[in-house]
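Source file: input_35.txt. Holds: compact mmCIF, C-alpha atoms.
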# COMPACT_ATOMS: atom_id res chain seq x y z
CA MET E 278 0.00 0.00 0.00
CA THR E 279 1.32 3.42 -0.95
CA THR E 280 2.02 5.78 1.96
CA ILE E 281 -0.59 8.54 2.28
CA THR E 282 -1.45 10.83 5.16
CA SER E 283 -5.14 11.64 4.71
CA PHE E 284 -7.86 11.86 2.10
CA SER E 285 -10.53 14.38 1.15
CA HIS E 286 -12.32 15.24 -2.08
CA ARG E 287 -14.23 18.22 -3.41
CA CYS E 288 -15.99 18.63 -6.75
CA ASP E 289 -19.25 20.06 -8.06
CA ARG E 290 -21.03 16.76 -7.27
CA LEU E 291 -19.96 15.95 -3.72
CA LEU E 292 -17.62 16.80 -0.88
CA LEU E 293 -15.80 14.20 1.20
CA ARG E 294 -13.82 14.85 4.37
CA GLU E 295 -12.87 13.08 7.59
CA PHE E 296 -15.43 13.04 10.37
CA VAL E 297 -14.63 15.10 13.45
CA ALA E 298 -16.11 14.91 16.94
CA GLY E 299 -18.56 17.71 16.15
CA ASP E 300 -20.18 15.60 13.41
CA SER E 301 -21.85 13.18 15.81
CA ALA E 302 -25.26 14.78 15.21
CA ASP E 303 -24.96 13.96 11.50
CA ILE E 304 -24.11 10.34 12.30
CA GLN E 305 -27.06 10.09 14.65
CA ARG E 306 -29.44 11.69 12.14
CA LEU E 307 -28.31 9.37 9.34
CA HIS E 308 -29.07 6.28 11.42
CA ALA E 309 -32.26 7.65 12.96
CA ASP E 310 -34.15 6.61 9.82
CA PRO E 311 -35.12 2.91 10.15
CA ARG E 312 -34.82 2.53 6.36
CA VAL E 313 -31.09 3.21 6.65
CA ARG E 314 -30.65 0.71 9.48
CA ALA E 315 -32.82 -2.00 7.95
CA LEU E 316 -30.13 -4.17 6.31
CA LEU E 317 -27.06 -3.12 8.31
CA PRO E 318 -25.09 -5.53 10.53
CA ASP E 319 -24.26 -2.81 13.10
CA GLU E 320 -24.01 -3.84 16.72
CA GLN E 321 -23.80 -0.23 17.87
CA PRO E 322 -27.05 1.79 17.95
CA LEU E 323 -25.66 4.81 16.10
CA HIS E 324 -29.09 6.47 16.16
CA GLU E 325 -28.48 7.11 19.87
CA ALA E 326 -26.51 10.23 20.78
CA ARG E 327 -24.01 8.56 23.12
CA TRP E 328 -23.02 5.93 20.57
CA ALA E 329 -22.80 8.44 17.73
CA GLU E 330 -20.51 10.65 19.81
CA GLU E 331 -18.23 7.75 20.72
CA PHE E 332 -18.14 6.57 17.09
CA ALA E 333 -17.11 10.02 15.81
CA PHE E 334 -14.42 10.27 18.50
CA CYS E 335 -12.96 6.83 17.68
CA LEU E 336 -12.75 7.66 13.99
CA GLY E 337 -10.08 10.26 14.78
CA ASP E 338 -7.83 7.53 16.13
CA PHE E 339 -8.62 5.24 13.19
CA TYR E 340 -7.50 7.86 10.64
CA ARG E 341 -4.15 8.13 12.41
CA ARG E 342 -3.62 4.37 12.60
CA HIS E 343 -4.79 3.61 9.03
CA PRO E 344 -3.69 6.49 6.77
CA GLY E 345 -5.72 6.65 3.57
CA LEU E 346 -8.51 4.44 4.90
CA GLY E 347 -11.58 5.40 6.88
CA ILE E 348 -15.14 6.66 6.76
CA TRP E 349 -15.68 10.06 5.18
CA ARG E 350 -18.49 12.50 5.71
CA CYS E 351 -20.32 13.20 2.46
CA ALA E 352 -22.06 16.47 1.67
CA VAL E 353 -23.55 17.87 -1.53
CA PRO E 354 -23.37 21.50 -2.69
CA ALA E 355 -26.61 23.45 -2.30
CA ASP E 356 -28.03 26.22 -4.47
CA ASP E 357 -27.54 28.75 -1.66
CA GLY E 358 -23.80 28.13 -1.61
CA ALA E 359 -23.93 26.00 1.53
CA GLU E 360 -23.63 22.24 1.71
CA ARG E 361 -26.06 19.54 2.81
CA PHE E 362 -25.08 16.42 4.73
CA ALA E 363 -25.80 13.34 2.59
CA GLY E 364 -24.26 10.39 4.46
CA TRP E 365 -20.89 8.71 4.25
CA PHE E 366 -18.53 6.71 2.04
CA SER E 367 -15.89 4.34 3.33
CA LEU E 368 -12.85 2.23 2.60
CA MET E 369 -12.38 -0.04 5.59
CA PRO E 370 -10.38 -3.19 6.36
CA VAL E 371 -12.37 -6.36 5.74
CA GLN E 372 -12.86 -8.62 8.74
CA ALA E 373 -11.16 -11.82 7.56
CA SER E 374 -12.47 -15.21 8.64
CA PRO E 375 -12.09 -18.85 7.51
CA ASP E 376 -15.37 -18.48 5.58
CA ASN E 377 -14.19 -15.64 3.34
CA GLU E 378 -10.54 -16.68 3.11
CA ALA E 379 -11.77 -19.73 1.20
CA PHE E 380 -12.64 -17.59 -1.83
CA GLY E 381 -9.54 -15.43 -1.93
CA LEU E 382 -10.05 -12.62 0.56
CA ARG E 383 -6.83 -11.61 2.33
CA ALA E 384 -6.29 -10.11 5.75
CA ASP E 385 -5.12 -6.77 4.29
CA ASP E 386 -8.03 -6.33 1.85
CA VAL E 387 -10.47 -3.45 2.14
CA GLU E 388 -14.13 -2.98 1.33
CA LEU E 389 -15.94 -0.07 -0.27
CA GLY E 390 -19.09 1.10 1.49
CA SER E 391 -21.63 3.88 1.59
CA ARG E 392 -24.61 4.97 3.67
CA LEU E 393 -26.73 7.77 2.26
CA THR E 394 -29.78 9.57 3.55
CA PRO E 395 -32.93 8.32 1.76
CA GLU E 396 -33.39 11.62 -0.07
CA HIS E 397 -30.25 10.78 -2.07
CA TRP E 398 -31.17 7.18 -2.91
CA GLY E 399 -31.42 6.70 -6.66
CA SER E 400 -29.77 10.06 -7.39
CA GLY E 401 -26.51 8.62 -8.72
CA LEU E 402 -24.59 9.91 -5.70
CA ALA E 403 -23.60 6.40 -4.61
CA LEU E 404 -22.05 5.78 -8.03
CA SER E 405 -20.22 9.12 -8.01
CA GLY E 406 -18.80 8.61 -4.53
CA GLY E 407 -17.86 5.04 -5.32
CA GLU E 408 -15.92 6.17 -8.39
CA VAL E 409 -14.01 8.72 -6.30
CA LEU E 410 -13.01 6.17 -3.66
CA LEU E 411 -12.05 3.49 -6.18
CA ARG E 412 -9.67 5.92 -7.88
CA HIS E 413 -8.24 6.69 -4.43
CA ALA E 414 -7.93 2.96 -3.67
CA PHE E 415 -6.28 1.88 -6.92
CA VAL E 416 -4.27 4.99 -7.84
CA SER E 417 -3.34 6.66 -4.54
CA LEU E 418 -3.16 3.58 -2.32
CA GLY E 419 -2.04 1.10 -4.97
CA LEU E 420 -4.47 -1.60 -3.84
CA ARG E 421 -4.85 -4.73 -5.96
CA THR E 422 -8.42 -5.62 -4.99
CA VAL E 423 -11.37 -3.87 -3.37
CA TRP E 424 -14.38 -5.75 -2.01
CA GLY E 425 -18.04 -4.78 -1.85
CA ILE E 426 -20.13 -6.59 0.75
CA CYS E 427 -23.87 -6.17 1.15
CA HIS E 428 -27.05 -7.84 2.39
CA PRO E 429 -28.50 -10.28 -0.20
CA GLU E 430 -31.74 -8.26 -0.29
CA ASN E 431 -30.01 -4.94 -0.95
CA ARG E 432 -30.61 -4.76 -4.69
CA ALA E 433 -29.65 -1.10 -4.89
CA ALA E 434 -26.21 -1.85 -3.45
CA ARG E 435 -25.72 -4.79 -5.81
CA GLY E 436 -26.66 -2.61 -8.76
CA CYS E 437 -24.24 0.13 -7.78
CA LEU E 438 -21.41 -2.36 -7.27
CA ALA E 439 -22.07 -3.85 -10.71
CA ALA E 440 -22.02 -0.42 -12.35
CA LEU E 441 -18.67 0.24 -10.67
CA GLY E 442 -17.25 -2.99 -12.11
CA PHE E 443 -17.55 -5.42 -9.19
CA THR E 444 -18.16 -9.13 -9.83
CA PRO E 445 -20.21 -11.37 -7.46
CA ARG E 446 -17.96 -13.91 -5.75
CA SER E 447 -19.74 -15.71 -2.94
CA ARG E 448 -22.26 -15.57 -0.11
CA ALA E 449 -20.96 -16.00 3.43
CA PRO E 450 -21.44 -14.61 6.95
CA TYR E 451 -19.99 -11.16 7.61
CA GLU E 452 -20.20 -9.42 10.98
CA GLY E 453 -22.85 -11.95 12.01
CA GLN E 454 -25.02 -11.46 8.93
CA LEU E 455 -25.26 -13.51 5.73
CA SER E 456 -23.85 -11.26 3.01
CA ASP E 457 -23.02 -11.19 -0.69
CA TYR E 458 -19.34 -10.64 -1.51
CA HIS E 459 -18.29 -8.78 -4.67
CA ALA E 460 -14.71 -8.14 -5.82
CA LEU E 461 -13.03 -5.64 -8.13
CA ASP E 462 -9.37 -5.84 -9.15
CA ALA E 463 -7.27 -3.03 -10.53
CA ALA E 464 -7.22 -4.38 -14.10
CA THR E 465 -11.01 -4.71 -14.27
CA TRP E 466 -11.42 -1.25 -12.78
CA SER E 467 -9.23 0.23 -15.53
CA HIS E 468 -11.40 -1.46 -18.16
CA VAL E 469 -14.68 -0.29 -16.63
CA GLN E 470 -13.49 3.32 -16.64
CA VAL E 471 -13.94 3.50 -20.42
CA LEU E 472 -17.47 2.04 -20.48
CA SER E 473 -20.26 4.34 -21.55
CA ARG E 474 -22.97 5.44 -19.14
CA ARG E 475 -25.39 3.18 -21.02
CA ASP E 476 -23.17 0.12 -20.54
CA ARG E 477 -22.80 0.91 -16.85
CA LEU E 478 -26.56 1.22 -16.41
CA ARG E 479 -27.04 -2.08 -18.25
CA ARG E 480 -24.72 -3.77 -15.75
CA GLN E 481 -26.64 -2.11 -12.94
CA ARG E 482 -30.04 -3.33 -14.18
CA ARG E 483 -28.84 -6.92 -14.51
CA ALA E 484 -27.46 -6.85 -10.96
CA THR E 485 -30.77 -5.71 -9.42
CA LEU E 486 -32.37 -9.05 -10.28
CA PRO E 487 -32.69 -11.46 -7.30
CA SER E 488 -29.27 -12.64 -6.17
CA THR E 489 -28.22 -16.14 -7.23
CA LEU E 490 -25.19 -16.36 -4.94
CA SER E 491 -25.03 -19.31 -2.56
CA PRO E 492 -22.77 -20.14 0.39
CA PRO E 493 -19.43 -21.70 -0.59
This entry written out as structure tokens:
Amino acid sequence: MTTITSFSHRCDRLLLREFVAGDSADIQRLHADPRVRALLPDEQPLHEARWAEEFAFCLGDFYRRHPGLGIWRCAVPADDGAERFAGWFSLMPVQASPDNEAFGLRADDVELGSRLTPEHWGSGLALSGGEVLLRHAFVSLGLRTVWGICHPENRAARGCLAALGFTPRSRAPYEGQLSDYHALDAATWSHVQVLSRRDRLRRQRRATLPSTLSPP
């Protein structure tokens, strides 16, 4: 992995930066909506103020211990010149286990993730943020593979992962929840970058069909 100190991103579509302790209200508000929590494996009730505050505080230490990785606050530019909180995007270490090591996942692999407020579902923001973080992962960090892991019933997540170039690999437990594993290597990512928007959407539509993955 290439040495990097921190990561942030700003463009006319979205703004990404590290969370700070003062962002705990955003974390709590994101998880206050039961639709956001519905398919998550979280053990911590981040919709409660105390847990959201502790989570935001611990992220500061994580950024220092894992330069270039983390969970980033996402905001979108507003017409009035301000910005609106929209959720988060993440590149986090995958929790390795005998179940997922069987299909090629290594202890130093990372997974791409996102959690957006419902008002931004279907807006294309997940695809835009995913593209930003994959470029960071493959170009800045020099990673060979990035994983995408989601609940089998999360068709929107599967569709977004397919549009980004991920390939379904297996179904196995993850953080106590049966999950679908998708993988993207650097060579495939380079190829997907030249696909047209139409081809990407075609991949996305195919992936929103019921999952056919089965446990290894």
Task: Spatial neighbours of Gly406 in chain E, 9 Å, only C-alpha atoms, chain gap at least 3 places, as a ChimeraX atom specification - done: /E:290-291,293,351,366,391,401-403,409-411
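Between CA of Ser417 in chain E and CA of Gly347 in chain E the interatomic distance comes to 14.1 Å.
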Residues of range 329-371 of chain E within 12 Å of range 306-318 of chain E: nearest atom pair and distance (Å, one decimal) for each, counting only C-alpha atoms, sorted by chain and number, as a Markdown table?
| residue | atom | partner | partner_atom | distance |
| --- | --- | --- | --- | --- |
| E:Ala329 | CA | E:His308 | CA | 9.2 |
| E:Glu330 | CA | E:Arg306 | CA | 11.8 |
| E:Arg350 | CA | E:Leu307 | CA | 10.9 |
| E:Cys351 | CA | E:Leu307 | CA | 11.2 |
| E:Phe362 | CA | E:Leu307 | CA | 9.0 |
| E:Ala363 | CA | E:Leu307 | CA | 8.2 |
| E:Gly364 | CA | E:Leu307 | CA | 6.4 |
| E:Trp365 | CA | E:Leu307 | CA | 9.0 |
Can you check which parts of range 348-421 of chain E lie within 12 Å of range 341-344 of chain E? Per residue, the shortest pair of atoms and distance in Å to one decimal, counting all atoms listed in the file, sorted by chain and number, as a tab-separated table.
residue	atom	partner	partner_atom	distance
E:Ile348	CA	E:His343	CA	11.0
E:Leu368	CA	E:His343	CA	10.4
E:Met369	CA	E:His343	CA	9.1
E:Pro370	CA	E:His343	CA	9.2
E:Asp385	CA	E:His343	CA	11.4
E:Val387	CA	E:His343	CA	11.4
E:Ala414	CA	E:Pro344	CA	11.8
E:Ser417	CA	E:Pro344	CA	11.3
E:Leu418	CA	E:Pro344	CA	9.6
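What separates CA of Pro322 in chain E from CA of Gly436 in chain E is a distance of 27.1 Å.
You can rank E:Arg392, E:His397, E:Arg421, E:Arg435 by their closest distance to Asp457 in chain E using all atoms listed in the file, and at the top of that list sits E:Arg435.
Using only C-alpha atoms, the nearest neighbour of Trp328 in chain E within the list E:Glu430, E:His413, E:Ala298, E:Ala352 is E:Ala298.
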Using only C-alpha atoms, tabulate the residues of range 392-422 of chain E lying at most 8 Å from any atom of range 460-464 of chain E, each with its closest atom pair and that distance in Å to one decimal, by chain and increasing residue number, as CSV.
residue,atom,partner,partner_atom,distance
E:Phe415,CA,E:Ala463,CA,6.2
E:Leu420,CA,E:Ala463,CA,7.4
E:Arg421,CA,E:Ala463,CA,5.4
E:Thr422,CA,E:Asp462,CA,4.3
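Between CA of Thr394 in chain E and CA of Val371 in chain E there is a distance of 23.7 Å.
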